[in-house]
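Text of coords-v9.cif (mmCIF, C-alpha atoms and all ligand atoms) as supplied:
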```cif
data_structure
#
loop_
_atom_site.group_PDB
_atom_site.id
_atom_site.type_symbol
_atom_site.label_atom_id
_atom_site.label_comp_id
_atom_site.auth_asym_id
_atom_site.auth_seq_id
_atom_site.Cartn_x
_atom_site.Cartn_y
_atom_site.Cartn_z
ATOM 1 C CA MET A 13 27.059 11.219 -25.552
ATOM 2 C CA CYS A 14 29.152 11.439 -28.707
ATOM 3 C CA ASN A 15 31.828 8.907 -29.595
ATOM 4 C CA ALA A 16 34.690 11.396 -29.510
ATOM 5 C CA PHE A 17 33.933 12.090 -25.861
ATOM 6 C CA ASN A 18 33.611 8.384 -25.243
ATOM 7 C CA LYS A 19 37.012 7.642 -26.729
ATOM 8 C CA LYS A 20 38.652 10.514 -24.880
ATOM 9 C CA PHE A 21 37.181 9.366 -21.598
ATOM 10 C CA ILE A 22 38.331 5.779 -22.111
ATOM 11 C CA ASP A 23 41.872 6.920 -22.962
ATOM 12 C CA GLU A 24 42.072 9.214 -19.967
ATOM 13 C CA ALA A 25 40.573 6.642 -17.632
ATOM 14 C CA ALA A 26 42.960 3.961 -18.907
ATOM 15 C CA LYS A 27 45.871 6.276 -18.240
ATOM 16 C CA ALA A 28 44.558 7.009 -14.754
ATOM 17 C CA ALA A 29 44.177 3.302 -14.025
ATOM 18 C CA GLU A 30 47.734 2.645 -15.185
ATOM 19 C CA ASN A 31 49.033 5.422 -12.980
ATOM 20 C CA SER A 32 47.090 4.054 -10.038
ATOM 21 C CA ASN A 33 48.668 0.653 -10.484
ATOM 22 C CA HIS A 34 52.056 2.262 -10.859
ATOM 23 C CA ASN A 35 51.625 4.056 -7.551
ATOM 24 C CA TYR A 36 50.563 0.821 -5.925
ATOM 25 C CA ILE A 37 53.594 -1.040 -7.189
ATOM 26 C CA GLN A 38 55.729 1.734 -5.761
ATOM 27 C CA GLY A 39 54.050 1.062 -2.448
ATOM 28 C CA ASN A 40 52.275 4.375 -2.052
ATOM 29 C CA THR A 41 48.877 3.242 -0.883
ATOM 30 C CA ASP A 42 46.347 0.465 -1.294
ATOM 31 C CA HIS A 43 43.797 3.189 -1.960
ATOM 32 C CA ALA A 44 45.221 3.936 -5.389
ATOM 33 C CA HIS A 45 45.225 0.205 -6.159
ATOM 34 C CA PHE A 46 41.557 -0.246 -5.269
ATOM 35 C CA MET A 47 40.599 2.943 -7.094
ATOM 36 C CA GLY A 48 42.452 1.537 -10.103
ATOM 37 C CA GLU A 49 40.196 -1.535 -9.909
ATOM 38 C CA ALA A 50 37.097 0.698 -9.840
ATOM 39 C CA ILE A 51 38.365 2.605 -12.879
ATOM 40 C CA LYS A 52 39.091 -0.649 -14.720
ATOM 41 C CA LEU A 53 35.478 -1.699 -14.143
ATOM 42 C CA ALA A 54 34.316 1.659 -15.538
ATOM 43 C CA ILE A 55 36.382 1.155 -18.689
ATOM 44 C CA GLN A 56 35.357 -2.477 -19.132
ATOM 45 C CA GLY A 57 31.714 -1.494 -18.709
ATOM 46 C CA VAL A 58 31.941 1.017 -21.542
ATOM 47 C CA LYS A 59 33.681 -1.520 -23.777
ATOM 48 C CA ASN A 60 30.982 -4.124 -23.001
ATOM 49 C CA ASN A 61 28.169 -1.623 -23.656
ATOM 50 C CA ASP A 62 26.904 -2.222 -20.100
ATOM 51 C CA GLY A 63 26.113 1.440 -19.488
ATOM 52 C CA GLY A 64 27.836 4.645 -18.415
ATOM 53 C CA PRO A 65 31.568 4.976 -17.624
ATOM 54 C CA PHE A 66 31.394 4.351 -13.874
ATOM 55 C CA GLY A 67 32.904 1.634 -11.656
ATOM 56 C CA CYS A 68 32.991 0.866 -7.949
ATOM 57 C CA VAL A 69 34.618 -1.599 -5.557
ATOM 58 C CA ILE A 70 33.941 -2.157 -1.863
ATOM 59 C CA VAL A 71 36.766 -3.376 0.338
ATOM 60 C CA LYS A 72 36.793 -5.009 3.755
ATOM 61 C CA ASN A 73 39.965 -6.094 5.559
ATOM 62 C CA GLY A 74 42.025 -5.491 2.435
ATOM 63 C CA LYS A 75 39.801 -7.634 0.188
ATOM 64 C CA ILE A 76 37.305 -6.640 -2.498
ATOM 65 C CA ILE A 77 33.944 -7.968 -1.293
ATOM 66 C CA GLY A 78 31.743 -6.226 -3.844
ATOM 67 C CA LYS A 79 32.182 -4.650 -7.216
ATOM 68 C CA GLY A 80 30.025 -3.112 -9.866
ATOM 69 C CA ASN A 81 29.837 -0.947 -12.909
ATOM 70 C CA ASN A 82 27.010 1.069 -14.387
ATOM 71 C CA LYS A 83 24.474 -1.264 -16.070
ATOM 72 C CA VAL A 84 21.559 1.111 -16.579
ATOM 73 C CA THR A 85 21.105 0.674 -20.323
ATOM 74 C CA SER A 86 22.009 -3.027 -20.585
ATOM 75 C CA THR A 87 19.630 -4.086 -17.796
ATOM 76 C CA ASN A 88 16.936 -1.432 -18.274
ATOM 77 C CA ASP A 89 17.452 -0.521 -14.627
ATOM 78 C CA PRO A 90 17.751 3.205 -13.924
ATOM 79 C CA SER A 91 19.048 2.399 -10.436
ATOM 80 C CA ALA A 92 21.870 0.144 -11.697
ATOM 81 C CA HIS A 93 24.593 2.680 -10.984
ATOM 82 C CA ALA A 94 28.060 1.339 -10.149
ATOM 83 C CA GLU A 95 27.792 2.112 -6.441
ATOM 84 C CA ILE A 96 24.338 0.535 -6.067
ATOM 85 C CA THR A 97 25.451 -2.569 -7.974
ATOM 86 C CA ALA A 98 28.561 -2.878 -5.771
ATOM 87 C CA ILE A 99 26.613 -2.298 -2.539
ATOM 88 C CA ARG A 100 24.135 -5.037 -3.508
ATOM 89 C CA GLU A 101 26.952 -7.485 -4.225
ATOM 90 C CA ALA A 102 28.884 -6.612 -1.051
ATOM 91 C CA CYS A 103 25.818 -6.970 1.171
ATOM 92 C CA LYS A 104 24.940 -10.274 -0.468
ATOM 93 C CA ASN A 105 28.485 -11.591 0.054
ATOM 94 C CA LEU A 106 28.585 -10.405 3.672
ATOM 95 C CA ASP A 107 24.983 -11.558 4.266
ATOM 96 C CA THR A 108 24.115 -8.246 5.906
ATOM 97 C CA PHE A 109 22.441 -4.935 5.102
ATOM 98 C CA GLN A 110 25.217 -2.812 6.591
ATOM 99 C CA LEU A 111 28.754 -2.218 5.388
ATOM 100 C CA ASP A 112 30.487 -1.622 8.726
ATOM 101 C CA GLY A 113 34.253 -1.653 8.407
ATOM 102 C CA CYS A 114 34.098 -1.277 4.624
ATOM 103 C CA THR A 115 35.635 1.291 2.324
ATOM 104 C CA LEU A 116 33.949 2.220 -0.954
ATOM 105 C CA TYR A 117 35.988 3.280 -3.971
ATOM 106 C CA THR A 118 34.003 4.855 -6.781
ATOM 107 C CA SER A 119 35.464 6.088 -10.051
ATOM 108 C CA CYS A 120 33.273 9.214 -9.900
ATOM 109 C CA GLU A 121 31.695 11.301 -7.152
ATOM 110 C CA PRO A 122 28.356 9.638 -6.316
ATOM 111 C CA CYS A 123 25.060 11.017 -7.618
ATOM 112 C CA PRO A 124 22.328 11.882 -5.082
ATOM 113 C CA MET A 125 20.741 8.405 -5.397
ATOM 114 C CA CYS A 126 24.029 6.634 -4.687
ATOM 115 C CA LEU A 127 24.883 9.101 -1.960
ATOM 116 C CA GLY A 128 21.645 8.083 -0.257
ATOM 117 C CA ALA A 129 22.365 4.374 -0.743
ATOM 118 C CA ILE A 130 25.877 4.841 0.673
ATOM 119 C CA TYR A 131 24.477 6.528 3.761
ATOM 120 C CA TRP A 132 21.938 3.729 4.248
ATOM 121 C CA ALA A 133 24.675 1.086 3.815
ATOM 122 C CA ARG A 134 27.025 2.951 6.199
ATOM 123 C CA PRO A 135 30.524 2.099 4.979
ATOM 124 C CA ASP A 136 33.349 3.679 7.021
ATOM 125 C CA LYS A 137 34.763 5.781 4.224
ATOM 126 C CA VAL A 138 34.367 6.727 0.563
ATOM 127 C CA PHE A 139 37.051 7.517 -2.004
ATOM 128 C CA TYR A 140 36.092 9.026 -5.352
ATOM 129 C CA ALA A 141 38.210 9.852 -8.409
ATOM 130 C CA SER A 142 36.584 12.134 -10.979
ATOM 131 C CA ASP A 143 33.968 14.556 -9.659
ATOM 132 C CA LYS A 144 30.474 15.656 -10.608
ATOM 133 C CA LYS A 145 31.825 18.541 -12.711
ATOM 134 C CA ASP A 146 33.880 16.082 -14.787
ATOM 135 C CA ALA A 147 30.769 13.911 -15.220
ATOM 136 C CA ALA A 148 28.647 16.895 -16.246
ATOM 137 C CA LYS A 149 31.129 17.666 -19.013
ATOM 138 C CA ILE A 150 30.360 14.346 -20.741
ATOM 139 C CA GLY A 151 26.592 14.619 -20.300
ATOM 140 C CA PHE A 152 26.040 13.095 -16.847
ATOM 141 C CA ASP A 153 24.730 16.137 -15.020
ATOM 142 C CA ASP A 154 23.037 15.361 -11.721
ATOM 143 C CA GLU A 155 23.084 18.953 -10.505
ATOM 144 C CA PHE A 156 19.354 19.261 -11.237
ATOM 145 C CA ILE A 157 18.601 16.550 -8.666
ATOM 146 C CA TYR A 158 20.561 18.402 -5.980
ATOM 147 C CA ASN A 159 18.567 21.513 -6.942
ATOM 148 C CA GLU A 160 15.275 19.637 -6.618
ATOM 149 C CA LEU A 161 16.096 18.849 -2.982
ATOM 150 C CA GLU A 162 16.089 22.547 -2.133
ATOM 151 C CA ILE A 163 12.733 23.525 -3.580
ATOM 152 C CA ASP A 164 9.140 23.038 -2.434
ATOM 153 C CA LEU A 165 7.731 19.599 -3.239
ATOM 154 C CA SER A 166 4.952 21.132 -5.333
ATOM 155 C CA GLU A 167 7.490 22.947 -7.512
ATOM 156 C CA ARG A 168 9.534 19.870 -8.426
ATOM 157 C CA LYS A 169 9.873 18.883 -12.082
ATOM 158 C CA ILE A 170 8.122 15.641 -11.190
ATOM 159 C CA PRO A 171 5.131 16.785 -9.106
ATOM 160 C CA PHE A 172 4.845 15.259 -5.636
ATOM 161 C CA LYS A 173 1.378 15.333 -4.061
ATOM 162 C CA GLN A 174 0.467 13.922 -0.675
ATOM 163 C CA ILE A 175 -2.577 11.639 -0.409
ATOM 164 C CA SER A 176 -3.890 8.946 2.027
ATOM 165 C CA ARG A 177 -1.562 9.847 4.923
ATOM 166 C CA ASP A 178 -3.833 8.413 7.648
ATOM 167 C CA ALA A 179 -4.170 5.079 5.868
ATOM 168 C CA SER A 180 -0.404 4.884 5.436
ATOM 169 C CA LEU A 181 0.248 5.636 9.102
ATOM 170 C CA LYS A 182 -1.360 2.271 9.950
ATOM 171 C CA ALA A 183 1.788 0.536 8.635
ATOM 172 C CA PHE A 184 3.905 2.765 10.879
ATOM 173 C CA LYS A 185 1.750 1.931 13.892
ATOM 174 C CA ILE A 186 2.072 -1.808 13.279
ATOM 175 C CA TRP A 187 5.873 -1.430 12.940
ATOM 176 C CA ASP A 188 6.058 0.754 16.031
ATOM 177 C CA GLU A 189 4.200 -1.798 18.128
ATOM 178 C CA LYS A 190 5.943 -4.884 16.752
ATOM 179 C CA ASP A 191 8.114 -6.530 19.409
ATOM 180 C CA ASP A 192 10.255 -8.756 17.196
ATOM 181 C CA LYS A 193 11.214 -6.304 14.465
ATOM 182 C CA MET A 194 14.767 -6.109 13.147
ATOM 183 C CA GLU A 195 15.780 -2.489 13.529
ATOM 184 C CA TYR A 196 18.311 -0.916 11.253
HETATM 185 ZN ZN ZN B 201 24.576 7.079 -8.811
#
```

Show this structure as structure tokens.
Amino acid sequence: MCNAFNKKFIDEAAKAAENSNHNYIQGNTDHAHFMGEAIKLAIQGVKNNDGGPFGCVIVKNGKIIGKGNNKVTSTNDPSAHAEITAIREACKNLDTFQLDGCTLYTSCEPCPMCLGAIYWARPDKVFYASDKKDAAKIGFDDEFIYNELEIDLSERKIPFKQISRDASLKAFKIWDEKDDKMEY
């Protein structure tokens, strides 16, 4: 991503965050306030060289219980997207693996990985600000992953080949027959 884009994004995001706060002060909605917090995290993350320009907060009963920004490049973790980071923090704080009663605010429409994580975590609702087309314009194009979902496994860019199914099914059998398992 080139610096001109970077600068433009930061300026626009800062303006958006200011507007969000302005709306909040005027008493419009808490949603704009919490989205403003997510956008602030996105901007701070870029300034800190944490990773991409994405931020997320998770709210329960009017309080932020988890927050995160993209830390892919600073932590060498390709899964350290803002939403995943926030979900991990929220679940740790709540001491649970489910986000019942929570609302997730993400500065950009979630990628397929985060979409999956959100569904597994089961918050009540998701708000997003910029969308995947906006992200694609600055070099974060996840459209190819959505496309991969549609095609045959053998035709994927990363080849998927099935082996050792019977051996693997033993783990399923043990789970299936376990009386004291914690279902989720
Ligand atoms: Zn993501």

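Distance annotation: of A:Ile70, A:Leu111, A:Ile163, A:Ala94, the residue with the minimal separation from ligand ZN 201 (chain B) is A:Ala94; atom set is all atoms listed in the file.
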
So which residues touch segment 146-162 of chain A within 8 Å, counting all atoms listed in the file, skipping near sequence neighbours fewer than 2 positions away, as a PDB file with C-alpha atoms, in the coordinates of the input?
```pdb
ATOM      1  CA  MET A  13      27.059  11.219 -25.552  1.00  0.00           C
ATOM      2  CA  PHE A  17      33.933  12.090 -25.861  1.00  0.00           C
ATOM      3  CA  CYS A 120      33.273   9.214  -9.900  1.00  0.00           C
ATOM      4  CA  CYS A 123      25.060  11.017  -7.618  1.00  0.00           C
ATOM      5  CA  PRO A 124      22.328  11.882  -5.082  1.00  0.00           C
ATOM      6  CA  SER A 142      36.584  12.134 -10.979  1.00  0.00           C
ATOM      7  CA  ASP A 143      33.968  14.556  -9.659  1.00  0.00           C
ATOM      8  CA  LYS A 144      30.474  15.656 -10.608  1.00  0.00           C
ATOM      9  CA  ASP A 164       9.140  23.038  -2.434  1.00  0.00           C
ATOM     10  CA  ARG A 168       9.534  19.870  -8.426  1.00  0.00           C
ATOM     11  CA  LYS A 169       9.873  18.883 -12.082  1.00  0.00           C
TER      12      LYS A 169
END
```

Legend entry - Ground truth for the PyMOL selection byres (((not hetatm)) within 12 of (chain B and resi 201)), written as a PyMOL selection string: chain A and resi 64-68+80-84+89-99+118-130+144+147+152-154+157

Go ahead and write the selection's residues with C-alpha atoms as an mmCIF file, keeping the file's coordinate frame.
```
data_model
loop_
_atom_site.group_PDB
_atom_site.id
_atom_site.type_symbol
_atom_site.label_atom_id
_atom_site.label_comp_id
_atom_site.auth_asym_id
_atom_site.auth_seq_id
_atom_site.Cartn_x
_atom_site.Cartn_y
_atom_site.Cartn_z
ATOM 1 C CA GLY A 64 27.836 4.645 -18.415
ATOM 2 C CA PRO A 65 31.568 4.976 -17.624
ATOM 3 C CA PHE A 66 31.394 4.351 -13.874
ATOM 4 C CA GLY A 67 32.904 1.634 -11.656
ATOM 5 C CA CYS A 68 32.991 0.866 -7.949
ATOM 6 C CA GLY A 80 30.025 -3.112 -9.866
ATOM 7 C CA ASN A 81 29.837 -0.947 -12.909
ATOM 8 C CA ASN A 82 27.010 1.069 -14.387
ATOM 9 C CA LYS A 83 24.474 -1.264 -16.070
ATOM 10 C CA VAL A 84 21.559 1.111 -16.579
ATOM 11 C CA ASP A 89 17.452 -0.521 -14.627
ATOM 12 C CA PRO A 90 17.751 3.205 -13.924
ATOM 13 C CA SER A 91 19.048 2.399 -10.436
ATOM 14 C CA ALA A 92 21.870 0.144 -11.697
ATOM 15 C CA HIS A 93 24.593 2.680 -10.984
ATOM 16 C CA ALA A 94 28.060 1.339 -10.149
ATOM 17 C CA GLU A 95 27.792 2.112 -6.441
ATOM 18 C CA ILE A 96 24.338 0.535 -6.067
ATOM 19 C CA THR A 97 25.451 -2.569 -7.974
ATOM 20 C CA ALA A 98 28.561 -2.878 -5.771
ATOM 21 C CA ILE A 99 26.613 -2.298 -2.539
ATOM 22 C CA THR A 118 34.003 4.855 -6.781
ATOM 23 C CA SER A 119 35.464 6.088 -10.051
ATOM 24 C CA CYS A 120 33.273 9.214 -9.900
ATOM 25 C CA GLU A 121 31.695 11.301 -7.152
ATOM 26 C CA PRO A 122 28.356 9.638 -6.316
ATOM 27 C CA CYS A 123 25.060 11.017 -7.618
ATOM 28 C CA PRO A 124 22.328 11.882 -5.082
ATOM 29 C CA MET A 125 20.741 8.405 -5.397
ATOM 30 C CA CYS A 126 24.029 6.634 -4.687
ATOM 31 C CA LEU A 127 24.883 9.101 -1.960
ATOM 32 C CA GLY A 128 21.645 8.083 -0.257
ATOM 33 C CA ALA A 129 22.365 4.374 -0.743
ATOM 34 C CA ILE A 130 25.877 4.841 0.673
ATOM 35 C CA LYS A 144 30.474 15.656 -10.608
ATOM 36 C CA ALA A 147 30.769 13.911 -15.220
ATOM 37 C CA PHE A 152 26.040 13.095 -16.847
ATOM 38 C CA ASP A 153 24.730 16.137 -15.020
ATOM 39 C CA ASP A 154 23.037 15.361 -11.721
ATOM 40 C CA ILE A 157 18.601 16.550 -8.666
#
```

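Taking all atoms listed in the file into account, the residues near (20.3, -1.1, 15.0), no farther than 12 Å, are Phe109, Gln110, Asp112, Trp132, Arg134, Lys193, Met194, Glu195 and Tyr196 of chain A.
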
Legend entry - Given only C-alpha atoms as the counted atoms, nearest of A:Ser166, A:Asn105, A:Gln56, A:Ser176 to Gly78 of chain A: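 Closest to Gly78 of chain A of all the choices is A:Asn105.
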